>>> print(open('model.txt').read())   # compact mmCIF, C-alpha atoms
# COMPACT_ATOMS: atom_id res chain seq x y z
CA MET A 1 -8.92 -3.28 2.17
CA LYS A 2 -9.23 -4.25 -1.47
CA VAL A 3 -8.65 -7.90 -2.31
CA VAL A 4 -8.06 -8.80 -5.95
CA PHE A 5 -8.23 -12.45 -6.99
CA ALA A 6 -6.42 -13.26 -10.24
CA ALA A 7 -5.12 -16.45 -11.82
CA GLY A 8 -2.67 -17.90 -9.32
CA GLU A 9 -2.49 -14.95 -6.94
CA LEU A 10 -4.27 -12.80 -4.42
CA ARG A 11 -3.37 -9.12 -4.09
CA MET A 12 -4.37 -7.15 -1.00
CA THR A 13 -4.08 -3.36 -0.93
CA MET A 14 -4.91 -0.95 1.86
CA GLN A 15 -4.82 2.83 2.05
CA SER A 16 -5.05 5.06 5.12
CA GLU A 17 -3.86 8.43 6.32
CA ALA A 18 -0.64 6.72 7.45
CA GLY A 19 0.14 5.42 3.96
CA GLU A 20 -0.40 2.59 1.55
CA ALA A 21 0.41 -1.14 1.71
CA GLU A 22 0.23 -3.95 -0.82
CA GLU A 23 0.78 -7.68 -0.34
CA PHE A 24 0.77 -10.59 -2.80
CA VAL A 25 -0.07 -14.18 -1.83
CA THR A 26 -0.10 -17.33 -3.96
CA ALA A 27 -3.67 -18.54 -4.47
CA GLU A 28 -5.34 -21.45 -6.22
CA CYS A 29 -7.89 -19.63 -8.35
CA ASP A 30 -8.64 -19.38 -12.05
CA PHE A 31 -10.88 -16.32 -12.09
CA ASP A 32 -10.68 -12.54 -11.69
CA LEU A 33 -12.60 -10.88 -8.88
CA GLU A 34 -12.24 -7.66 -6.87
CA VAL A 35 -13.74 -7.49 -3.37
CA GLY A 36 -13.53 -5.05 -0.47
CA PHE A 37 -13.32 -6.11 3.19
CA ASN A 38 -12.86 -4.35 6.49
CA GLY A 39 -9.14 -5.02 7.01
CA LYS A 40 -9.48 -5.33 10.79
CA TYR A 41 -12.20 -7.98 10.53
CA LEU A 42 -10.27 -9.92 7.91
CA ARG A 43 -7.06 -9.83 9.96
CA GLU A 44 -8.88 -10.98 13.12
CA MET A 45 -10.52 -13.85 11.25
CA LEU A 46 -7.23 -14.97 9.68
CA SER A 47 -5.45 -14.88 13.05
CA THR A 48 -7.81 -17.60 14.33
CA MET A 49 -7.08 -20.03 11.50
CA LYS A 50 -4.98 -23.08 12.37
CA GLY A 51 -4.16 -24.60 8.98
CA PRO A 52 -1.74 -23.45 6.29
CA LYS A 53 -4.62 -23.04 3.79
CA ILE A 54 -8.08 -21.55 3.87
CA SER A 55 -10.88 -21.81 1.35
CA MET A 56 -13.07 -18.86 0.39
CA ALA A 57 -16.25 -19.55 -1.61
CA MET A 58 -18.33 -16.68 -2.96
CA SER A 59 -20.77 -16.19 -5.81
CA ASP A 60 -20.06 -12.52 -6.58
CA PRO A 61 -18.23 -9.47 -5.10
CA SER A 62 -21.25 -8.33 -3.07
CA ALA A 63 -22.00 -11.75 -1.57
CA PRO A 64 -20.44 -12.73 1.77
CA PRO A 65 -17.84 -15.48 1.32
CA LEU A 66 -17.98 -18.76 3.20
CA ILE A 67 -14.50 -19.26 4.65
CA THR A 68 -13.25 -22.63 5.89
CA ASP A 69 -9.99 -23.68 7.52
CA GLU A 70 -8.21 -26.67 5.96
CA ALA A 71 -7.19 -27.81 9.46
CA ASP A 72 -10.79 -27.69 10.75
CA PRO A 73 -13.36 -28.06 7.91
CA ARG A 74 -16.26 -28.03 10.41
CA ARG A 75 -15.47 -24.40 11.21
CA GLU A 76 -17.21 -21.98 8.86
CA ILE A 77 -16.87 -18.18 8.95
CA VAL A 78 -18.60 -15.42 7.00
CA VAL A 79 -17.08 -11.94 6.57
CA MET A 80 -19.28 -9.29 4.99
CA PRO A 81 -17.76 -7.57 1.93
CA MET A 82 -17.63 -3.80 1.48
CA ARG A 83 -17.77 -1.60 -1.59
CA VAL A 84 -14.36 -0.65 -2.99
>>> encode(input="model.txt", output="structure tokens")
Amino acid sequence: MKVVFAAGELRMTMQSEAGEAEEFVTAECDFDLEVGFNGKYLREMLSTMKGPKISMAMSDPSAPPLITDEADPRREIVVMPMRV
């Protein structure tokens, strides 16, 4: 899955033999960054979040992001990025 951060939005695209999907989400960011993730791992991580917002902090596209849940800031998760 390719995740593209752009000013004010997050675009997720995924391609497989079954087809192609794209989703846009409002995001609070003021930078441009393109990162790849294993879609299954990202989906599983997001399904465990309790709050309406998460925070993702990363230094560059090859660095694993530190992900926190607004509803439980003590909980920290790392998902390894992939090459896109």
>>> residues_around(input="model.txt", residues="segment 50-56 of chain A", least_positions_apart="2", cutoff="9 Å", atoms="only C-alpha atoms", output="list in words")
Leu46, Ser47, Thr48, Met58, Pro65, Leu66, Ile67, Thr68, Asp69, Glu70, Ala71 and Asp72 of chain A
>>> residues_around(input="model.txt", residues="segment 18-28 of chain A", least_positions_apart="3", cutoff="9 Å", atoms="all atoms listed in the file", output="PyMOL selection string")
chain A and resi 5-15
>>> atom_distance(input="model.txt", atom1="atom CA of Arg43 of chain A", atom2="atom CA of Asp60 of chain A")
21.2 Å
>>> closest_residue(input="model.txt", among="A:Ser59, A:Met80, A:Pro73, A:Pro64", to="Leu33 of chain A", atoms="only C-alpha atoms")
A:Ser59
>>> axis_aligned_box(input="model.txt", around="segment 75-80 of chain A", padding_each_side="4 Å", output="AutoDock Vina command-line options")
--center_x -17.4 --center_y -16.8 --center_z 8.1 --size_x 11.8 --size_y 23.1 --size_z 14.2
>>> residues_around(input="model.txt", residues="Leu42 of chain A", least_positions_apart="2", cutoff="10 Å", atoms="all atoms listed in the file", output="list in words")
Met1, Phe37, Asn38, Gly39, Lys40, Glu44, Met45, Leu46, Ser47, Val79, Met80 and Pro81 of chain A
>>> atom_distance(input="model.txt", atom1="atom CA of Ala63 of chain A", atom2="atom CA of Cys29 of chain A")
17.5 Å
>>> closest_residue(input="model.txt", among="A:Lys2, A:Ser16, A:Asp32, A:Arg83", to="Ser62 of chain A", atoms="all atoms listed in the file")
A:Arg83
>>> closest_residue(input="model.txt", among="A:Val84, A:Ala57, A:Glu34, A:Met49", to="Val4 of chain A", atoms="all atoms listed in the file")
A:Glu34
>>> decode(input="model.txt", residues="chain A", atoms="C-alpha atoms", output="PDB file, in the first residue's frame")
ATOM      1  CA  MET A   1       0.000   0.000   0.000  1.00  0.00           C
ATOM      2  CA  LYS A   2       1.316   3.415  -0.910  1.00  0.00           C
ATOM      3  CA  VAL A   3       0.523   6.241   1.500  1.00  0.00           C
ATOM      4  CA  VAL A   4       1.018   9.800   0.261  1.00  0.00           C
ATOM      5  CA  PHE A   5       0.989  12.634   2.792  1.00  0.00           C
ATOM      6  CA  ALA A   6       0.223  16.060   1.319  1.00  0.00           C
ATOM      7  CA  ALA A   7      -0.934  19.364   2.767  1.00  0.00           C
ATOM      8  CA  GLY A   8      -4.246  18.624   4.464  1.00  0.00           C
ATOM      9  CA  GLU A   9      -4.753  15.093   3.168  1.00  0.00           C
ATOM     10  CA  LEU A  10      -3.591  11.517   3.178  1.00  0.00           C
ATOM     11  CA  ARG A  11      -4.016   9.379   0.055  1.00  0.00           C
ATOM     12  CA  MET A  12      -3.792   5.594   0.263  1.00  0.00           C
ATOM     13  CA  THR A  13      -3.545   3.484  -2.894  1.00  0.00           C
ATOM     14  CA  MET A  14      -3.329  -0.272  -3.240  1.00  0.00           C
ATOM     15  CA  GLN A  15      -2.931  -2.512  -6.263  1.00  0.00           C
ATOM     16  CA  SER A  16      -3.382  -6.275  -6.512  1.00  0.00           C
ATOM     17  CA  GLU A  17      -4.401  -8.887  -9.032  1.00  0.00           C
ATOM     18  CA  ALA A  18      -8.026  -8.227  -8.026  1.00  0.00           C
ATOM     19  CA  GLY A  19      -7.814  -4.538  -8.908  1.00  0.00           C
ATOM     20  CA  GLU A  20      -6.932  -1.124  -7.622  1.00  0.00           C
ATOM     21  CA  ALA A  21      -8.278   0.982  -4.734  1.00  0.00           C
ATOM     22  CA  GLU A  22      -7.700   4.562  -3.622  1.00  0.00           C
ATOM     23  CA  GLU A  23      -8.907   6.349  -0.492  1.00  0.00           C
ATOM     24  CA  PHE A  24      -8.519   9.959   0.675  1.00  0.00           C
ATOM     25  CA  VAL A  25      -8.555  11.008   4.338  1.00  0.00           C
ATOM     26  CA  THR A  26      -8.293  14.477   5.876  1.00  0.00           C
ATOM     27  CA  ALA A  27      -4.959  14.868   7.669  1.00  0.00           C
ATOM     28  CA  GLU A  28      -3.253  17.576   9.681  1.00  0.00           C
ATOM     29  CA  CYS A  29       0.081  17.792   7.892  1.00  0.00           C
ATOM     30  CA  ASP A  30       2.014  20.498   6.091  1.00  0.00           C
ATOM     31  CA  PHE A  31       4.562  18.396   4.226  1.00  0.00           C
ATOM     32  CA  ASP A  32       4.789  16.013   1.269  1.00  0.00           C
ATOM     33  CA  LEU A  33       5.917  12.444   1.867  1.00  0.00           C
ATOM     34  CA  GLU A  34       5.388   9.100   0.114  1.00  0.00           C
ATOM     35  CA  VAL A  35       5.688   5.884   2.139  1.00  0.00           C
ATOM     36  CA  GLY A  36       4.911   2.229   1.512  1.00  0.00           C
ATOM     37  CA  PHE A  37       3.378  -0.102   4.116  1.00  0.00           C
ATOM     38  CA  ASN A  38       2.131  -3.660   4.167  1.00  0.00           C
ATOM     39  CA  GLY A  39      -1.609  -2.988   3.881  1.00  0.00           C
ATOM     40  CA  LYS A  40      -2.555  -5.933   6.092  1.00  0.00           C
ATOM     41  CA  TYR A  41      -0.300  -4.778   8.935  1.00  0.00           C
ATOM     42  CA  LEU A  42      -1.546  -1.205   8.662  1.00  0.00           C
ATOM     43  CA  ARG A  43      -5.196  -2.292   8.654  1.00  0.00           C
ATOM     44  CA  GLU A  44      -4.680  -4.556  11.688  1.00  0.00           C
ATOM     45  CA  MET A  45      -2.946  -1.771  13.602  1.00  0.00           C
ATOM     46  CA  LEU A  46      -5.683   0.760  12.771  1.00  0.00           C
ATOM     47  CA  SER A  47      -8.417  -1.670  13.830  1.00  0.00           C
ATOM     48  CA  THR A  48      -7.013  -1.653  17.389  1.00  0.00           C
ATOM     49  CA  MET A  49      -7.137   2.131  17.764  1.00  0.00           C
ATOM     50  CA  LYS A  50      -9.818   3.536  20.075  1.00  0.00           C
ATOM     51  CA  GLY A  51      -9.713   7.272  19.401  1.00  0.00           C
ATOM     52  CA  PRO A  52     -10.937   9.276  16.424  1.00  0.00           C
ATOM     53  CA  LYS A  53      -7.383  10.518  15.703  1.00  0.00           C
ATOM     54  CA  ILE A  54      -3.959   8.947  15.549  1.00  0.00           C
ATOM     55  CA  SER A  55      -0.562  10.591  15.342  1.00  0.00           C
ATOM     56  CA  MET A  56       2.220   9.302  13.097  1.00  0.00           C
ATOM     57  CA  ALA A  57       5.740  10.688  13.622  1.00  0.00           C
ATOM     58  CA  MET A  58       8.531   9.779  11.222  1.00  0.00           C
ATOM     59  CA  SER A  59      11.804  11.341  10.134  1.00  0.00           C
ATOM     60  CA  ASP A  60      11.916  10.053   6.538  1.00  0.00           C
ATOM     61  CA  PRO A  61      10.168   7.516   4.234  1.00  0.00           C
ATOM     62  CA  SER A  62      12.500   4.661   5.191  1.00  0.00           C
ATOM     63  CA  ALA A  63      12.226   5.201   8.955  1.00  0.00           C
ATOM     64  CA  PRO A  64       9.552   3.347  10.943  1.00  0.00           C
ATOM     65  CA  PRO A  65       6.874   5.748  12.199  1.00  0.00           C
ATOM     66  CA  LEU A  66       5.927   6.027  15.855  1.00  0.00           C
ATOM     67  CA  ILE A  67       2.130   5.809  15.951  1.00  0.00           C
ATOM     68  CA  THR A  68       0.077   6.921  18.953  1.00  0.00           C
ATOM     69  CA  ASP A  69      -3.652   6.814  19.653  1.00  0.00           C
ATOM     70  CA  GLU A  70      -5.240  10.080  20.808  1.00  0.00           C
ATOM     71  CA  ALA A  71      -7.488   8.086  23.164  1.00  0.00           C
ATOM     72  CA  ASP A  72      -4.517   6.282  24.769  1.00  0.00           C
ATOM     73  CA  PRO A  73      -1.250   8.284  24.427  1.00  0.00           C
ATOM     74  CA  ARG A  74       0.661   5.689  26.491  1.00  0.00           C
ATOM     75  CA  ARG A  75       0.182   3.175  23.679  1.00  0.00           C
ATOM     76  CA  GLU A  76       2.920   3.391  21.052  1.00  0.00           C
ATOM     77  CA  ILE A  77       3.109   1.274  17.887  1.00  0.00           C
ATOM     78  CA  VAL A  78       5.760   0.978  15.180  1.00  0.00           C
ATOM     79  CA  VAL A  79       4.971  -0.324  11.666  1.00  0.00           C
ATOM     80  CA  MET A  80       7.917  -0.939   9.366  1.00  0.00           C
ATOM     81  CA  PRO A  81       7.732   0.874   6.007  1.00  0.00           C
ATOM     82  CA  MET A  82       8.290  -0.843   2.659  1.00  0.00           C
ATOM     83  CA  ARG A  83       9.725   0.386  -0.614  1.00  0.00           C
ATOM     84  CA  VAL A  84       7.125   1.650  -3.087  1.00  0.00           C
TER      85      VAL A  84
END
